[in-house]
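Participant: Let me give you the structure first, and then I'll get to my questions.
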Protein chains: 2
Amino acid sequence: MDTQTTRFTDRMGQIFEAEGRPRIAGRIFGWLLVSDQPRSLDQIAAGLGVSKASASTNARMLAEMGVLERVSMPGDRHDYYRISPDLFEHTMAERLKRWQRFTEAVGDARRTVPIRSQRVRARLRGYESAYAYMVGAIGHALDRWRAPDDGSGVAGEGARR
Amino acid sequence: MDTQTTRFTDRMGQIFEAEGRPRIAGRIFGWLLVSDQPRSLDQIAAGLGVSKASASTNARMLAEMGVLERVSMPGDRHDYYRISPDLFEHTMAERLKRWQRFTEAVGDARRTVPIRSQRVRARLRGYESAYAYMVGAIGHALDRWRAPDDGSGVAGEGARR
DNA sequence: CGGAACGTTCAGTCTGTACTGAACGTATGG
DNA sequence: CCATACGTTCAGTACAGACTGAACGTTCCG
């Protein structure tokens, strides 16, 4: 692995760490992101200099998250991993899920916590409806992103592919 | 603090922890979220059963994030904290910032990492443009949320307030 | 049937960091 | 001025969880 790749995978490891996930998961993800071919667990362990145990655990976790895909080569017992073809939608879904967990807690609080203040109740309801609105808007935007060729053009939305 | 409030603040602490932030920060945030009046550092420390040092450090961190506001009562030397009036926009901005950090790394990788594969290059460019598109769409949605009374109605976007 | 080559699991270690208590600097009021 | 009441800072501790090495179960090939 060359210097720039190492720099990038390390950086991705730090980003993952800052978001509360294992650093190695980030490094694996980073490496596969700039890899053309799928990588086996042994390649990952050797390439990143980590134990096979960590490679296995973290790659599987990333696959469950949906950002990685496990593939098998015919006539080869190794497990190979590669970036999921719809990486973007999965990272999006993952982030929305985290956000949803937060908003669910707010909703449960509004229902269970004894709140005397009208202002607080309005605050919680306001947050919940803002969240619901944004989820809807993001969903629509995703639909438009998936099917942009509706003949009307998507002027001003930035370069596409 | 009653049982349900404790349950909620603890849950918020766990959510914060899962996102890589100190648990106490989440508990402070949760408590202020269901509090009508601002709370002093001493109240926070006593109410949550934590040291004043933690209360000070974490409340200040939350204020720097923009989810809390420091206010001062006239004729009172205490620092008081309360939920920021535009909590929603700040949490949104915070999440976009994290996402941006991630996408910046992808962009830097495309520019610095030696990549032979055309497929990989297209993958990175695809992710970047998808991100740019979504940021634009979210920005527009936020604008619409801020100024919904344009006379055209926002049918189907969920209950408002 | 062995035996090698896989991936997974589990107990143990080790590092980062959240959290605390005490010391500190500062402002206010008597 | 002294004393009290703040918020902040800092060194030390304690804990969670990432990471490892070895043991394990399984599959495939000779």
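Chains: A, B, ... in order of the structure tokens. Residues: from 1 per chain. Ligands: from 1, in order shown.
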Env of Gln14 (chain B): 10 Å cut, atoms = only C-alpha atoms (C1' of nucleotides), seq-sep filter 4 positions within chain, self excluded. Answer as a tab-separated table (two decimals) with C-alpha atoms, in the first residue's frame.
Facilitator:
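Just written: part_24.tsv:
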chain	number	residue	atom	x	y	z
B	8	PHE	CA	-35.27	9.65	29.26
B	9	THR	CA	-32.05	11.42	30.19
B	10	ASP	CA	-30.27	8.09	30.54
B	18	ALA	CA	-23.26	5.59	20.60
B	19	GLU	CA	-22.46	8.60	18.46
B	20	GLY	CA	-19.06	9.04	20.04
B	21	ARG	CA	-19.86	11.83	22.47
B	22	PRO	CA	-19.68	11.90	26.29
B	23	ARG	CA	-22.63	10.34	28.01
B	24	ILE	CA	-23.03	13.21	30.44
B	26	GLY	CA	-26.41	13.59	26.40
B	27	ARG	CA	-27.93	13.53	29.87
Participant: Report as a VMD selection string all protein, DNA and RNA residues lying within 10 Å of Gln118 (chain B), evaluated on only C-alpha atoms (C1' of nucleotides), omitting residues in the same chain fewer than 4 positions from it.
Facilitator: (chain A and resid 36) or (chain B and resid 122 to 123)
Participant: Kindly export the residues of the current selection with N, CA and C atoms, as a short mmCIF file (atom, residue, chain, number, x, y, z; two decimals), in the first residue's frame.
Facilitator:
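Result written to out-v9.cif:
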data_model
loop_
_atom_site.label_atom_id
_atom_site.label_comp_id
_atom_site.auth_asym_id
_atom_site.auth_seq_id
_atom_site.Cartn_x
_atom_site.Cartn_y
_atom_site.Cartn_z
N ASP A 36 -10.15 -1.59 -6.73
CA ASP A 36 -10.94 -2.03 -7.87
C ASP A 36 -11.53 -3.41 -7.62
N ALA B 122 -14.86 6.60 -11.07
CA ALA B 122 -16.28 6.91 -11.28
C ALA B 122 -17.07 6.75 -9.98
N ARG B 123 -16.70 5.75 -9.19
CA ARG B 123 -17.38 5.52 -7.91
C ARG B 123 -17.23 6.73 -7.01
#
Participant: Tell me as an mmCIF file with N, CA and C atoms (P, O5', C5', C4', C3', O3' and C1' of nucleotides), in the first residue's frame which residues belonging to chain C come within 10 Å of chain B, counting only C-alpha atoms (C1' of nucleotides).
Facilitator:
data_model
loop_
_atom_site.group_PDB
_atom_site.id
_atom_site.type_symbol
_atom_site.label_atom_id
_atom_site.label_comp_id
_atom_site.auth_asym_id
_atom_site.auth_seq_id
_atom_site.Cartn_x
_atom_site.Cartn_y
_atom_site.Cartn_z
ATOM 1 P P DT C 17 -9.405 9.340 22.470
ATOM 2 O "O5'" DT C 17 -10.544 9.583 23.558
ATOM 3 C "C5'" DT C 17 -11.410 8.526 23.925
ATOM 4 C "C4'" DT C 17 -11.982 8.768 25.301
ATOM 5 C "C3'" DT C 17 -11.983 10.234 25.766
ATOM 6 O "O3'" DT C 17 -13.178 10.465 26.470
ATOM 7 C "C1'" DT C 17 -11.017 8.938 27.384
ATOM 8 P P DA C 18 -14.278 11.510 25.909
ATOM 9 O "O5'" DA C 18 -15.512 11.240 26.895
ATOM 10 C "C5'" DA C 18 -16.016 9.931 27.023
ATOM 11 C "C4'" DA C 18 -16.270 9.595 28.480
ATOM 12 C "C3'" DA C 18 -16.955 10.685 29.287
ATOM 13 O "O3'" DA C 18 -17.925 10.083 30.138
ATOM 14 C "C1'" DA C 18 -14.912 10.120 30.320
ATOM 15 P P DC C 19 -19.017 11.018 30.866
ATOM 16 O "O5'" DC C 19 -18.379 11.210 32.308
ATOM 17 C "C5'" DC C 19 -18.133 10.052 33.109
ATOM 18 C "C4'" DC C 19 -17.259 10.419 34.285
ATOM 19 C "C3'" DC C 19 -17.678 11.674 35.041
ATOM 20 O "O3'" DC C 19 -18.287 11.304 36.276
ATOM 21 C "C1'" DC C 19 -15.294 11.487 34.794
ATOM 22 P P DT C 20 -18.750 12.477 37.321
ATOM 23 O "O5'" DT C 20 -17.512 12.540 38.307
ATOM 24 C "C5'" DT C 20 -16.989 11.349 38.850
ATOM 25 C "C4'" DT C 20 -15.762 11.626 39.702
ATOM 26 C "C3'" DT C 20 -15.940 12.761 40.706
ATOM 27 O "O3'" DT C 20 -15.648 12.290 42.015
ATOM 28 C "C1'" DT C 20 -13.940 13.068 39.425
ATOM 29 P P DG C 21 -16.160 13.167 43.286
ATOM 30 O "O5'" DG C 21 -14.804 13.813 43.828
ATOM 31 C "C5'" DG C 21 -13.668 12.976 43.988
ATOM 32 C "C4'" DG C 21 -12.450 13.815 44.337
ATOM 33 C "C3'" DG C 21 -12.698 14.943 45.341
ATOM 34 O "O3'" DG C 21 -11.605 14.995 46.255
ATOM 35 C "C1'" DG C 21 -11.874 15.853 43.307
ATOM 36 P P DA C 27 -12.028 39.308 36.688
ATOM 37 O "O5'" DA C 27 -13.410 39.582 37.424
ATOM 38 C "C5'" DA C 27 -14.574 38.915 36.959
ATOM 39 C "C4'" DA C 27 -15.566 38.772 38.102
ATOM 40 C "C3'" DA C 27 -16.028 40.105 38.712
ATOM 41 O "O3'" DA C 27 -17.439 40.086 38.808
ATOM 42 C "C1'" DA C 27 -15.285 38.649 40.400
ATOM 43 P P DT C 28 -18.206 41.483 38.805
ATOM 44 O "O5'" DT C 28 -19.129 41.342 40.099
ATOM 45 C "C5'" DT C 28 -19.683 40.072 40.421
ATOM 46 C "C4'" DT C 28 -19.880 39.979 41.924
ATOM 47 C "C3'" DT C 28 -20.341 41.285 42.587
ATOM 48 O "O3'" DT C 28 -21.490 41.016 43.359
ATOM 49 C "C1'" DT C 28 -18.569 40.330 43.791
#
Participant: Between A:Gln43, A:Asp2, A:Ala25, A:Ala93, which residue has the minimum interatomic distance to chain B, considering only C-alpha atoms?
Facilitator: A:Asp2
Participant: Should the cut-off be 8 Å, what would the residue list for chain D against chain B look like, counting only C-alpha atoms (C1' of nucleotides), as a ChimeraX atom specification?
Facilitator: /D:6-8
Participant: Neighbours of region 23-25 of chain D within 9 Å (only C-alpha atoms (C1' of nucleotides); same-chain residues fewer than 4 positions away dropped), as a ChimeraX atom specification?
Facilitator: /C:8-10
Participant: Store the residues of this selection in a file with C-alpha atoms (C1' of nucleotides), as a CSV table (one decimal), in the first residue's frame.
Facilitator:
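Result saved to selection.csv:
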chain,number,residue,atom,x,y,z
C,8,DT,C1',-15.5,-17.3,13.6
C,9,DT,C1',-15.3,-16.9,18.6
C,10,DC,C1',-13.6,-16.1,23.0
